[in-house]
>>> print(open('coords00.txt').read())   # compact mmCIF, C-alpha atoms
# COMPACT_ATOMS: atom_id res chain seq x y z
CA MET F 1 11.08 -28.12 -21.81
CA ALA F 2 7.99 -26.76 -23.51
CA ARG F 3 8.58 -24.56 -26.53
CA LEU F 4 8.50 -20.87 -25.62
CA HIS F 5 5.96 -19.03 -27.72
CA THR F 6 6.54 -15.71 -29.43
CA PHE F 7 4.84 -12.54 -28.23
CA GLU F 8 2.55 -12.67 -31.27
CA GLU F 9 1.46 -16.24 -30.47
CA ILE F 10 0.74 -15.37 -26.85
CA GLN F 11 -1.23 -12.30 -27.92
CA ARG F 12 -3.33 -14.36 -30.35
CA ILE F 13 -3.93 -17.08 -27.74
CA HIS F 14 -5.24 -14.61 -25.19
CA ASP F 15 -7.21 -12.36 -27.59
CA MET F 16 -5.34 -9.31 -26.42
CA ASP F 17 -6.26 -6.18 -28.32
CA LYS F 18 -2.95 -4.39 -27.85
CA PRO F 19 0.58 -5.52 -28.60
CA ILE F 20 2.47 -7.14 -25.76
CA SER F 21 5.65 -5.27 -24.97
CA VAL F 22 8.71 -6.70 -23.27
CA THR F 23 8.22 -4.37 -20.30
CA THR F 24 4.47 -4.97 -20.02
CA TYR F 25 4.58 -8.74 -19.65
CA TYR F 26 8.16 -9.83 -19.30
CA GLY F 27 9.80 -7.14 -17.23
CA GLU F 28 12.95 -5.42 -18.29
CA VAL F 29 15.55 -8.11 -17.68
CA THR F 30 17.10 -9.83 -20.70
CA GLU F 31 17.51 -13.60 -20.88
CA GLU F 32 21.29 -13.10 -20.85
CA SER F 33 21.02 -11.17 -17.56
CA MET F 34 18.75 -13.88 -16.14
CA CYS F 35 21.26 -16.62 -17.04
CA THR F 36 24.11 -14.62 -15.50
CA ALA F 37 22.11 -13.99 -12.32
CA LEU F 38 20.98 -17.61 -11.91
CA ASN F 39 24.49 -18.91 -12.57
CA THR F 40 25.86 -16.45 -10.01
CA MET F 41 23.24 -17.71 -7.55
CA GLY F 42 24.46 -21.26 -8.14
CA VAL F 43 21.14 -22.61 -9.43
CA ASP F 44 21.73 -26.26 -10.37
CA GLY F 45 20.15 -29.71 -10.26
CA GLU F 46 20.05 -29.64 -6.47
CA SER F 47 18.21 -26.29 -6.38
CA SER F 48 14.57 -25.73 -5.64
CA PHE F 49 13.92 -22.43 -7.44
CA LEU F 50 11.00 -20.08 -6.69
CA ASP F 51 10.16 -16.93 -8.62
CA PHE F 52 8.01 -14.78 -6.33
CA GLY F 53 5.81 -12.75 -8.67
CA CYS F 54 6.68 -14.89 -11.69
CA GLY F 55 4.48 -13.10 -14.24
CA PRO F 56 4.36 -15.15 -17.43
CA GLY F 57 7.30 -17.30 -16.36
CA ARG F 58 10.46 -16.17 -18.14
CA TRP F 59 12.64 -16.64 -15.02
CA LEU F 60 11.05 -20.06 -14.61
CA ALA F 61 11.90 -21.02 -18.19
CA VAL F 62 15.51 -19.93 -17.74
CA ALA F 63 15.87 -21.76 -14.39
CA HIS F 64 14.41 -24.90 -15.96
CA ALA F 65 16.73 -24.59 -18.99
CA LEU F 66 19.73 -24.22 -16.66
CA GLY F 67 18.78 -27.50 -14.98
CA ALA F 68 17.27 -26.44 -11.65
CA GLY F 69 16.01 -29.54 -9.83
CA HIS F 70 12.59 -28.07 -9.00
CA VAL F 71 11.13 -24.90 -10.50
CA ALA F 72 8.07 -23.06 -9.18
CA GLY F 73 6.48 -19.67 -9.51
CA VAL F 74 3.79 -17.75 -7.70
CA GLU F 75 1.83 -14.88 -9.26
CA PHE F 76 -1.14 -12.84 -8.09
CA VAL F 77 -2.39 -11.83 -11.58
CA LYS F 78 -4.43 -14.65 -13.11
CA SER F 79 -3.83 -13.65 -16.75
CA ARG F 80 -0.07 -13.91 -16.23
CA VAL F 81 -0.42 -17.32 -14.58
CA ASP F 82 -2.51 -18.42 -17.59
CA ILE F 83 0.27 -17.33 -19.95
CA ALA F 84 2.90 -19.15 -17.88
CA ARG F 85 0.78 -22.32 -17.82
CA HIS F 86 0.28 -22.18 -21.56
CA VAL F 87 3.93 -21.45 -22.37
CA LEU F 88 5.59 -23.75 -19.82
CA GLY F 89 3.01 -26.51 -19.49
CA ASP F 90 3.81 -28.95 -16.71
CA THR F 91 7.57 -28.30 -16.71
CA VAL F 92 7.17 -26.05 -13.65
CA ARG F 93 4.84 -25.72 -10.67
CA LEU F 94 2.63 -22.64 -10.64
CA PHE F 95 0.66 -21.10 -7.80
CA GLU F 96 -1.93 -18.40 -8.34
CA GLY F 97 -2.72 -15.85 -5.65
CA ASP F 98 -1.03 -14.63 -2.52
CA GLY F 99 2.55 -15.87 -2.57
CA THR F 100 3.11 -15.20 1.11
CA ARG F 101 0.86 -18.07 2.21
CA ASN F 102 2.72 -20.78 4.10
CA GLU F 103 1.36 -23.55 1.88
CA VAL F 104 3.20 -22.14 -1.17
CA TRP F 105 6.56 -22.03 0.62
CA ASP F 106 5.97 -25.39 2.35
CA ALA F 107 5.04 -27.07 -0.97
CA VAL F 108 8.13 -25.74 -2.76
CA SER F 109 10.75 -25.66 0.04
CA PRO F 110 12.81 -23.27 -2.08
CA THR F 111 16.57 -23.01 -1.79
CA HIS F 112 16.89 -20.16 -4.31
CA VAL F 113 14.38 -17.30 -4.67
CA VAL F 114 14.11 -14.41 -7.14
CA PHE F 115 11.92 -11.39 -6.41
CA TYR F 116 11.60 -8.54 -8.89
CA ASN F 117 9.29 -5.95 -7.36
CA ARG F 118 9.53 -2.53 -5.75
CA VAL F 119 6.10 -2.27 -4.10
CA SER F 120 6.91 -1.75 -0.41
CA ARG F 121 3.75 -3.50 0.81
CA GLU F 122 4.71 -6.59 -1.19
CA LEU F 123 8.34 -6.36 -0.04
CA ARG F 124 7.30 -6.48 3.61
CA ALA F 125 5.13 -9.55 3.02
CA PHE F 126 7.90 -11.17 0.98
CA TYR F 127 10.49 -10.55 3.72
CA ALA F 128 8.19 -12.08 6.32
CA ALA F 129 7.69 -15.19 4.15
CA VAL F 130 11.46 -15.52 3.54
CA ASN F 131 12.14 -15.29 7.27
CA ARG F 132 9.63 -18.11 7.94
CA CYS F 133 11.11 -20.40 5.25
CA LYS F 134 14.28 -22.01 6.62
CA THR F 135 15.18 -23.89 3.42
CA ILE F 136 16.17 -20.73 1.54
CA GLN F 137 19.90 -20.37 0.95
CA LYS F 138 20.00 -17.49 -1.56
CA VAL F 139 17.70 -14.62 -2.52
CA LEU F 140 18.09 -12.32 -5.51
CA LEU F 141 16.39 -8.92 -5.19
CA TRP F 142 16.19 -6.51 -8.11
CA LYS F 143 16.19 -2.75 -7.73
CA THR F 144 15.95 -2.62 -3.96
CA THR F 145 18.59 -1.82 -1.40
CA ASP F 146 16.57 -3.20 1.50
CA ARG F 147 18.35 -5.76 3.66
CA LEU F 148 17.03 -9.18 4.53
CA ARG F 149 17.27 -10.14 8.20
CA GLY F 150 19.42 -13.25 8.63
CA PHE F 151 21.08 -12.83 5.22
CA ARG F 152 24.21 -11.05 4.06
CA CYS F 153 24.72 -9.36 0.71
CA GLU F 154 27.25 -11.48 -1.16
CA ASN F 155 27.21 -9.88 -4.57
CA THR F 156 25.75 -7.04 -6.61
CA MET F 157 25.16 -7.26 -10.33
CA ARG F 158 24.70 -4.28 -12.63
CA THR F 159 22.67 -4.99 -15.73
CA ALA F 160 21.25 -3.05 -18.65
CA THR F 161 17.76 -3.27 -20.09
CA PRO F 162 17.08 -3.53 -23.82
CA ALA F 163 16.19 0.18 -23.61
CA GLY F 164 19.60 0.98 -22.11
CA GLU F 165 18.48 1.62 -18.51
CA THR F 166 20.85 0.16 -15.91
CA PHE F 167 19.97 -1.16 -12.48
CA THR F 168 21.39 -3.35 -9.76
CA ALA F 169 20.46 -6.77 -8.43
CA TYR F 170 21.49 -7.84 -4.93
CA LEU F 171 22.33 -11.45 -4.11
CA TYR F 172 21.73 -12.31 -0.45
CA VAL F 173 23.00 -15.50 1.19
CA ARG F 174 21.62 -16.88 4.43
CA SER F 175 24.05 -16.07 7.22
CA SER F 176 25.46 -19.00 9.15
CA PRO F 177 24.78 -19.03 12.91
CA SER F 178 28.48 -18.46 13.60
CA HIS F 179 28.43 -15.44 11.26
CA ASN F 180 25.45 -13.98 13.13
CA GLN F 181 27.13 -14.55 16.50
CA SER F 182 30.37 -12.89 15.43
CA ARG F 183 28.44 -9.86 14.13
CA ALA F 184 26.53 -9.59 17.40
CA MET F 185 29.81 -9.53 19.32
CA GLN F 186 31.16 -6.53 17.39
>>> encode(input="coords00.txt", output="structure tokens")
Amino acid sequence: MARLHTFEEIQRIHDMDKPISVTTYYGEVTEESMCTALNTMGVDGESSFLDFGCGPGRWLAVAHALGAGHVAGVEFVKSRVDIARHVLGDTVRLFEGDGTRNEVWDAVSPTHVVFYNRVSRELRAFYAAVNRCKTIQKVLLWKTTDRLRGFRCENTMRTATPAGETFTAYLYVRSSPSHNQSRAMQ
């Protein structure tokens, strides 16, 4: 895997005039929490992992380090895609732009998806894309209690930020057809 650069190196590379903070570019999830979450999801060599809204690629780096078979990210903000490309090189696949386009999901055929975002407009588009993609087995949503149609919540994980804030992640697993039928009969 490509060497992960320090915040100072990334700042110098991109001529940024203000310091990069953990929450500005890398979200508020620690690497330890990411490893725990991806291990709980069962990400392994057979997994095709997609980070929807990957930012500069920290989830991608962790998934790659844990041995995910295929690792991809999609991000709308070009500067964050540039950082991910510089930091991760060709170890992962990156898509810039609208992550709800069919060609992104078709190219990746993800089995495991992480989405860390609370913008309701983006959640609706994300849910629609997940429902179209039949290869997905597990989805991890951070900070949202919304339910995914065709999935059941298998696990919740409480985690703390470096600043001490706590929040919950929800692990959804695609429901089997027999599970859906038994629920419909109730």
>>> atom_distance(input="coords00.txt", atom1="atom CA of Cys153 of chain F", atom2="atom CA of Glu46 of chain F")
22.0 Å
>>> atom_distance(input="coords00.txt", atom1="atom CA of Asp82 of chain F", atom2="atom CA of Tyr170 of chain F")
29.1 Å
>>> closest_residue(input="coords00.txt", among="F:Arg85, F:Arg149, F:Arg132, F:Lys138", to="Phe115 of chain F", atoms="only C-alpha atoms")
F:Lys138
>>> residues_around(input="coords00.txt", residues="Gly73 of chain F", least_positions_apart="4", cutoff="9 Å", atoms="only C-alpha atoms", output="number ranges by chain")
F: 49-55, 57, 59-60, 81, 92-96, 99
>>> closest_residue(input="coords00.txt", among="F:Ser79, F:Ser48, F:Asn131, F:Thr168", to="Thr111 of chain F", atoms="only C-alpha atoms")
F:Ser48
>>> atom_distance(input="coords00.txt", atom1="atom CA of Phe76 of chain F", atom2="atom CA of Leu123 of chain F")
14.0 Å
>>> residues_around(input="coords00.txt", residues="Gly67 of chain F", least_positions_apart="2", cutoff="9 Å", atoms="all atoms listed in the file", output="tab-separated table (two decimals) with C-alpha atoms, keeping the file's coordinate frame")
chain	number	residue	atom	x	y	z
F	43	VAL	CA	21.14	-22.61	-9.43
F	44	ASP	CA	21.73	-26.26	-10.37
F	45	GLY	CA	20.15	-29.71	-10.26
F	46	GLU	CA	20.05	-29.64	-6.47
F	47	SER	CA	18.21	-26.29	-6.38
F	62	VAL	CA	15.51	-19.93	-17.74
F	63	ALA	CA	15.87	-21.76	-14.39
F	64	HIS	CA	14.41	-24.90	-15.96
F	65	ALA	CA	16.73	-24.59	-18.99
F	69	GLY	CA	16.01	-29.54	-9.83
F	70	HIS	CA	12.59	-28.07	-9.00
>>> closest_residue(input="coords00.txt", among="F:Val87, F:Val29, F:Ala125, F:Cys35", to="Asn102 of chain F", atoms="all atoms listed in the file")
F:Ala125
>>> closest_residue(input="coords00.txt", among="F:Cys133, F:Ala128, F:Ala84, F:Met157", to="Leu171 of chain F", atoms="all atoms listed in the file")
F:Met157
>>> closest_residue(input="coords00.txt", among="F:Thr159, F:Ala129, F:Leu148, F:Val74", to="Arg174 of chain F", atoms="all atoms listed in the file")
F:Leu148
>>> closest_residue(input="coords00.txt", among="F:Leu88, F:Phe151, F:Ala163, F:Trp142", to="Val114 of chain F", atoms="all atoms listed in the file")
F:Trp142
